[in-house]
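First comes the structure, then the notes that go with it.
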Amino acid sequence: MNKSIEMPKFELIYVIVNHGKGSKVLRKAKECGITSGTVFLGRGTVNNAFLEFLSLYDVRKEIIIMGADTRTADSAVEALSQKFGFDKPNHGIAFTVSANNITGSTTYQSKESEKKEGVINPMYQLIITIVNKGKAEEVIDAATAAGSKGGTILNARGSGIHETSKVFNMEIEPEKETVLILCKADTTKGIVESIYKNLELDKSGNGIIFVQDVNSAYGIYE
């Protein structure tokens with residue numbers, strides 16, 4: 001028997017394209033009602049046919065993250081896919097994940113939830129791992145050993161209470177690397193366990209890992 005479940009009203013949109021296309025993605029997204037977004041620089045690590053948009057090893061990428069209400073996000077992602085040819089290999093990828101609310105220059109607050117019949121099991125999930133600089137390739141290796149086809153690496157920096165060191169009595173925040181891995185939901189558990197074990201994430205300061213369900217995705221090839 002199907003039960004009515006509450007669906008998130010807001011979504012984060014992730015778009016991964018080759019270097020130099022981020023601004024074009026933002027302009028098209030604005031036409032679709034997306035008010036703003038952030039572009040990150042990263043590099044791809046896939047060298048096989050699963051995600052052909054990353055078919056060249058270590059290619060520079062731009063990762064665009066935007067937020068919008070569910071209806072706007074859904075129509076925007078479809079429009080972006082058509083505009084940039086995500087249905088073709090090596091053109092890019094776009095997917096959405098749920099968000100409870102979005103706060104910034106504009107604040108979106110959900111006053112009522114959309115409802116949809118039945119329980120939805122995601123086909124894909126996003127694994128996000130944050131580790132110290134130089135460890136991202138180890139994350140990719142551990143994930144690959146468990147069935148992952150690759151990922152995208154972003155540079156970042158830590159800001160936790162225990163995440164600083166001193167040089168000449170000055171506190172320095174260590175650089176971090178963030179690894180985004182998009183995978184089939186039935187492979188997530190094995191990939192996460194492999195990363196957790198090999199990177200020893202049970203030890204303080206070694207990193208964190210979390211998983212998000214993907215609501216819709218464009219540009220994935222197997």
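Residues in the structure tokens are numbered from 1 in each chain, the chains being A, B, ... in the order shown, and ligands are numbered from 1 in the order shown.
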Who sits within 8 Å of region 16-28 of chain A, only C-alpha atoms, same chain under 5 positions skipped, as an NGL selection string: :A and (36-37 or 39 or 41 or 53 or 59-64 or 80 or 91-94)
Å distance separating CA of Phe95 (chain A) from CA of Glu11 (chain A), one decimal place: 9.8 Å
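Non-sequential neighbours of Leu201 (chain A) (distance at most 12 Å, separation of 6 or more positions within a chain, only C-alpha atoms) are Thr129, Ile130, Val131, Asn132, Lys135, Val139, Val192, Glu193, Ser194, Ile195, Gly207, Ile208, Ile209 and Phe210 of chain A.
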Write the residues you've just listed into a file as a short mmCIF file (atom, residue, chain, number, x, y, z; two decimals), in the first residue's frame, and include all heavy atoms for each of them.
```cif
data_model
loop_
_atom_site.label_atom_id
_atom_site.label_comp_id
_atom_site.auth_asym_id
_atom_site.auth_seq_id
_atom_site.Cartn_x
_atom_site.Cartn_y
_atom_site.Cartn_z
N THR A 129 33.55 13.10 0.30
CA THR A 129 34.61 12.81 1.27
C THR A 129 35.54 14.02 1.36
O THR A 129 35.99 14.54 0.34
CB THR A 129 35.43 11.58 0.85
OG1 THR A 129 34.55 10.48 0.58
CG2 THR A 129 36.40 11.18 1.95
N ILE A 130 35.82 14.47 2.58
CA ILE A 130 36.72 15.59 2.80
C ILE A 130 37.92 15.09 3.59
O ILE A 130 37.78 14.57 4.70
CB ILE A 130 36.03 16.74 3.57
CG1 ILE A 130 34.78 17.20 2.80
CG2 ILE A 130 37.00 17.92 3.77
CD1 ILE A 130 33.94 18.21 3.56
N VAL A 131 39.11 15.22 3.00
CA VAL A 131 40.33 14.70 3.61
C VAL A 131 41.44 15.76 3.50
O VAL A 131 41.29 16.78 2.84
CB VAL A 131 40.80 13.40 2.91
CG1 VAL A 131 39.83 12.26 3.21
CG2 VAL A 131 40.92 13.60 1.40
N ASN A 132 42.55 15.48 4.16
CA ASN A 132 43.69 16.39 4.09
C ASN A 132 44.29 16.39 2.69
O ASN A 132 44.18 15.41 1.94
CB ASN A 132 44.76 15.99 5.11
CG ASN A 132 44.30 16.22 6.53
OD1 ASN A 132 43.58 17.17 6.82
ND2 ASN A 132 44.70 15.34 7.44
N LYS A 135 45.49 13.45 -0.02
CA LYS A 135 44.83 12.18 0.25
C LYS A 135 43.71 11.85 -0.73
O LYS A 135 43.15 10.75 -0.70
CB LYS A 135 44.26 12.18 1.68
CG LYS A 135 45.32 12.22 2.78
CD LYS A 135 46.07 10.90 2.86
CE LYS A 135 47.02 10.87 4.04
NZ LYS A 135 47.73 9.55 4.14
N VAL A 139 41.56 8.31 -1.73
CA VAL A 139 40.11 8.14 -1.69
C VAL A 139 39.62 7.51 -2.99
O VAL A 139 38.82 6.56 -3.00
CB VAL A 139 39.40 9.49 -1.45
CG1 VAL A 139 37.89 9.34 -1.59
CG2 VAL A 139 39.74 10.03 -0.07
N VAL A 192 31.71 3.36 0.44
CA VAL A 192 31.91 4.11 1.68
C VAL A 192 32.76 3.31 2.67
O VAL A 192 33.68 3.85 3.30
CB VAL A 192 30.55 4.46 2.32
CG1 VAL A 192 30.74 4.99 3.74
CG2 VAL A 192 29.82 5.49 1.47
N GLU A 193 32.47 2.04 2.81
CA GLU A 193 33.23 1.20 3.75
C GLU A 193 34.70 1.12 3.34
O GLU A 193 35.59 1.14 4.19
CB GLU A 193 32.61 -0.20 3.82
CG GLU A 193 31.28 -0.23 4.55
CD GLU A 193 30.65 -1.62 4.57
OE1 GLU A 193 31.16 -2.51 3.83
OE2 GLU A 193 29.68 -1.82 5.32
N SER A 194 34.95 1.03 2.04
CA SER A 194 36.33 0.95 1.56
C SER A 194 37.09 2.25 1.84
O SER A 194 38.24 2.22 2.30
CB SER A 194 36.34 0.66 0.05
OG SER A 194 37.67 0.54 -0.43
N ILE A 195 36.46 3.38 1.57
CA ILE A 195 37.09 4.67 1.85
C ILE A 195 37.33 4.82 3.36
O ILE A 195 38.42 5.22 3.79
CB ILE A 195 36.22 5.83 1.34
CG1 ILE A 195 36.11 5.78 -0.17
CG2 ILE A 195 36.79 7.18 1.79
CD1 ILE A 195 35.11 6.77 -0.76
N GLY A 207 39.47 12.89 8.36
CA GLY A 207 38.50 13.26 7.35
C GLY A 207 37.08 12.88 7.72
O GLY A 207 36.83 12.28 8.77
N ILE A 208 36.15 13.26 6.86
CA ILE A 208 34.75 12.92 7.05
C ILE A 208 34.16 12.46 5.73
O ILE A 208 34.69 12.75 4.66
CB ILE A 208 33.91 14.11 7.59
CG1 ILE A 208 33.94 15.28 6.59
CG2 ILE A 208 34.40 14.55 8.95
CD1 ILE A 208 32.99 16.40 6.96
N ILE A 209 33.05 11.73 5.82
CA ILE A 209 32.38 11.24 4.63
C ILE A 209 30.88 11.26 4.87
O ILE A 209 30.42 10.95 5.96
CB ILE A 209 32.88 9.82 4.27
CG1 ILE A 209 32.30 9.36 2.93
CG2 ILE A 209 32.57 8.83 5.37
CD1 ILE A 209 32.95 8.08 2.41
N PHE A 210 30.12 11.68 3.86
CA PHE A 210 28.67 11.63 3.97
C PHE A 210 28.06 11.38 2.61
O PHE A 210 28.71 11.54 1.57
CB PHE A 210 28.09 12.89 4.62
CG PHE A 210 28.45 14.18 3.95
CD1 PHE A 210 27.59 14.76 3.03
CD2 PHE A 210 29.64 14.84 4.26
CE1 PHE A 210 27.91 15.96 2.42
CE2 PHE A 210 29.96 16.04 3.66
CZ PHE A 210 29.09 16.60 2.74
#
```
Non-local contacts of Asn121 (chain A) (10 Å; only C-alpha atoms; under 3 positions in same chain excluded) as a PyMOL selection string: chain A and resi 118+124+185+213-215
Write a file of the just-selected residues containing C-alpha atoms, as a PDB file, in the first residue's frame.
```pdb
ATOM      1  CA  GLY A 118       4.863   5.939  -2.767  1.00  0.00           C
ATOM      2  CA  TYR A 124      22.160   7.180  -7.726  1.00  0.00           C
ATOM      3  CA  ALA A 185      22.861   3.389  -4.908  1.00  0.00           C
ATOM      4  CA  ASP A 213      20.457  10.883  -2.442  1.00  0.00           C
ATOM      5  CA  VAL A 214      20.355  12.092  -6.039  1.00  0.00           C
ATOM      6  CA  ASN A 215      16.871  13.097  -7.157  1.00  0.00           C
TER       7      ASN A 215
END
```
Which of A:Gly205, A:Gly134, A:Gly33, A:Gly190 sits closest to Ala73 (chain A) [using only C-alpha atoms]: A:Gly33
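Going from CA of Ala217 (chain A) to CA of Gly147 (chain A) covers 19.5 Å.
The nearest approach to Leu180 (chain A) among the residues A:Ser98, A:Thr45, A:Gln82, A:Asn198, with only C-alpha atoms taken into account, belongs to A:Thr45.
Closest approach to Gly44 (chain A) from the set A:Ala145, A:Val77, A:Met123, A:Ile181 is made by A:Ile181, with distances taken over only C-alpha atoms.
Proximity ranking of A:Glu177, A:Ala146, A:Ser75, A:Met66 relative to Lys133 (chain A) places A:Glu177 first, based on only C-alpha atoms.
Here CA of Asp74 (chain A) and CA of Tyr14 (chain A) stand 11.9 Å from one another.
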